[in-house]
$ cat protein_21.csv   # CSV, C-alpha atoms
chain,number,residue,atom,x,y,z
U,19,MET,CA,3.3,5.1,26.3
U,20,ASN,CA,0.6,2.5,26.0
U,21,LYS,CA,0.4,1.0,22.4
U,22,HIS,CA,-3.2,2.0,22.2
U,23,PHE,CA,-2.4,5.6,22.9
U,24,GLU,CA,0.4,5.6,20.3
U,25,ASP,CA,-2.0,4.2,17.7
U,26,THR,CA,-4.6,6.7,18.6
U,27,GLN,CA,-2.1,9.6,18.4
U,28,TYR,CA,-1.0,8.3,14.9
U,29,TYR,CA,-4.6,8.1,13.6
U,30,LEU,CA,-5.6,11.5,15.0
U,31,LYS,CA,-2.6,13.0,13.3
U,32,ARG,CA,-3.6,11.4,10.0
U,33,ALA,CA,-7.2,12.5,10.4
U,34,GLY,CA,-6.1,16.0,11.0
U,35,GLU,CA,-3.9,16.1,8.0
U,36,THR,CA,-6.6,14.6,5.8
U,37,ALA,CA,-9.2,17.1,7.1
U,38,LYS,CA,-6.8,20.0,6.4
U,39,ARG,CA,-6.3,18.8,2.8
U,40,GLY,CA,-10.1,18.4,2.4
U,41,VAL,CA,-10.8,21.9,3.7
U,42,SER,CA,-8.1,23.3,1.5
U,43,ASP,CA,-9.5,21.6,-1.6
U,44,GLU,CA,-13.1,22.8,-0.8
U,45,LEU,CA,-12.0,26.4,-0.2
U,46,ALA,CA,-9.6,26.6,-3.2
U,47,PRO,CA,-12.3,27.9,-5.6
U,48,ILE,CA,-13.6,30.5,-3.1
U,49,GLN,CA,-10.0,31.6,-2.3
U,50,GLU,CA,-9.3,32.0,-6.1
U,51,LYS,CA,-12.5,34.0,-6.6
U,52,PHE,CA,-11.6,36.2,-3.6
U,53,ARG,CA,-8.1,36.9,-5.0
U,54,THR,CA,-9.5,37.7,-8.4
U,55,LEU,CA,-12.1,40.1,-7.0
U,56,THR,CA,-9.5,41.9,-4.8
U,57,GLY,CA,-6.9,42.0,-7.5
U,58,ARG,CA,-4.4,39.8,-5.7
U,59,GLU,CA,-3.9,37.0,-8.3
U,60,ASP,CA,-1.6,34.3,-6.9
U,61,GLU,CA,1.2,36.5,-5.8
U,62,GLU,CA,4.2,34.5,-4.9
U,63,PRO,CA,5.3,35.3,-1.4
U,64,GLU,CA,9.0,36.0,-0.9
U,65,PRO,CA,10.8,33.1,0.7
U,66,SER,CA,10.9,33.4,4.5
U,67,ARG,CA,14.2,33.1,6.4
U,68,VAL,CA,13.4,29.5,7.4
U,69,GLU,CA,12.8,28.5,3.7
U,70,GLU,CA,16.1,30.2,2.8
U,71,VAL,CA,17.9,28.3,5.5
U,72,ARG,CA,16.3,25.0,4.5
U,73,GLU,CA,17.4,25.6,0.9
U,74,GLU,CA,21.0,26.3,2.0
U,75,LEU,CA,21.0,23.2,4.2
U,76,LYS,CA,19.8,21.1,1.3
U,77,LYS,CA,22.6,22.5,-0.9
U,78,LEU,CA,25.2,21.8,1.9
U,79,GLN,CA,23.8,18.2,2.3
U,80,VAL,CA,24.2,17.5,-1.5
U,81,LYS,CA,27.7,18.9,-1.4
U,82,ALA,CA,28.6,16.9,1.7
U,83,GLU,CA,27.2,13.7,0.1
U,84,GLY,CA,29.3,14.3,-3.0
U,85,GLU,CA,32.5,14.9,-1.0
U,86,THR,CA,31.8,11.9,1.1
U,87,ARG,CA,31.4,9.7,-2.0
U,88,GLU,CA,34.7,11.1,-3.4
U,89,ALA,CA,36.5,10.4,-0.1
U,90,ILE,CA,35.1,6.8,0.0
U,91,ALA,CA,36.2,6.2,-3.6
U,92,SER,CA,39.6,7.6,-2.9
U,93,ALA,CA,40.0,5.5,0.3
U,94,ARG,CA,38.9,2.3,-1.6
U,95,GLU,CA,41.4,3.0,-4.3
U,96,ARG,CA,44.3,3.6,-1.9
U,97,LEU,CA,43.3,0.4,0.0
U,98,ASP,CA,43.2,-1.6,-3.3
U,99,ASP,CA,46.7,-0.1,-4.2
U,100,TYR,CA,48.0,-1.1,-0.8
U,101,ARG,CA,46.6,-4.6,-1.0
U,102,SER,CA,48.0,-5.1,-4.5
U,103,SER,CA,51.4,-3.8,-3.5
U,104,ARG,CA,51.5,-6.2,-0.6
U,105,GLU,CA,50.5,-9.1,-2.8
U,106,GLU,CA,53.3,-8.3,-5.2
U,107,ALA,CA,55.8,-8.1,-2.4
U,108,SER,CA,54.8,-11.5,-1.0
U,109,ASP,CA,55.1,-13.2,-4.5
$ encode --input "protein_21.csv" --output "structure tokens"
Amino acid sequence: MNKHFEDTQYYLKRAGETAKRGVSDELAPIQEKFRTLTGREDEEPEPSRVEEVREELKKLQVKAEGETREAIASARERLDDYRSSREEASD
């Protein structure tokens, strides 16, 4: 894609995100007043299936990172032991 189109696409995306935040900020007081009048005060929605899956994936990622670190540390330790035993054998 032409560099100009890529730049344009990037800036349009940023403008859209900024506009969305601006509209949300402007409508927040009205939304709060509406909820107060209708009796629905900031009810927390139940997590959707997608959010539950994301949470589970995040937990799995953290677990995998921990196991990976442990495996790397163990491998380094075994490599150091191997190297030191070879040095002792050559002396």
$ atom_distance --input "protein_21.csv" --atom1 "CA of Glu88 (chain U)" --atom2 "CA of Glu106 (chain U)"
26.9 Å
$ atom_distance --input "protein_21.csv" --atom1 "CA of Arg94 (chain U)" --atom2 "CA of Ala107 (chain U)"
19.9 Å
$ atom_distance --input "protein_21.csv" --atom1 "CA of Arg67 (chain U)" --atom2 "CA of Gly40 (chain U)"
28.7 Å
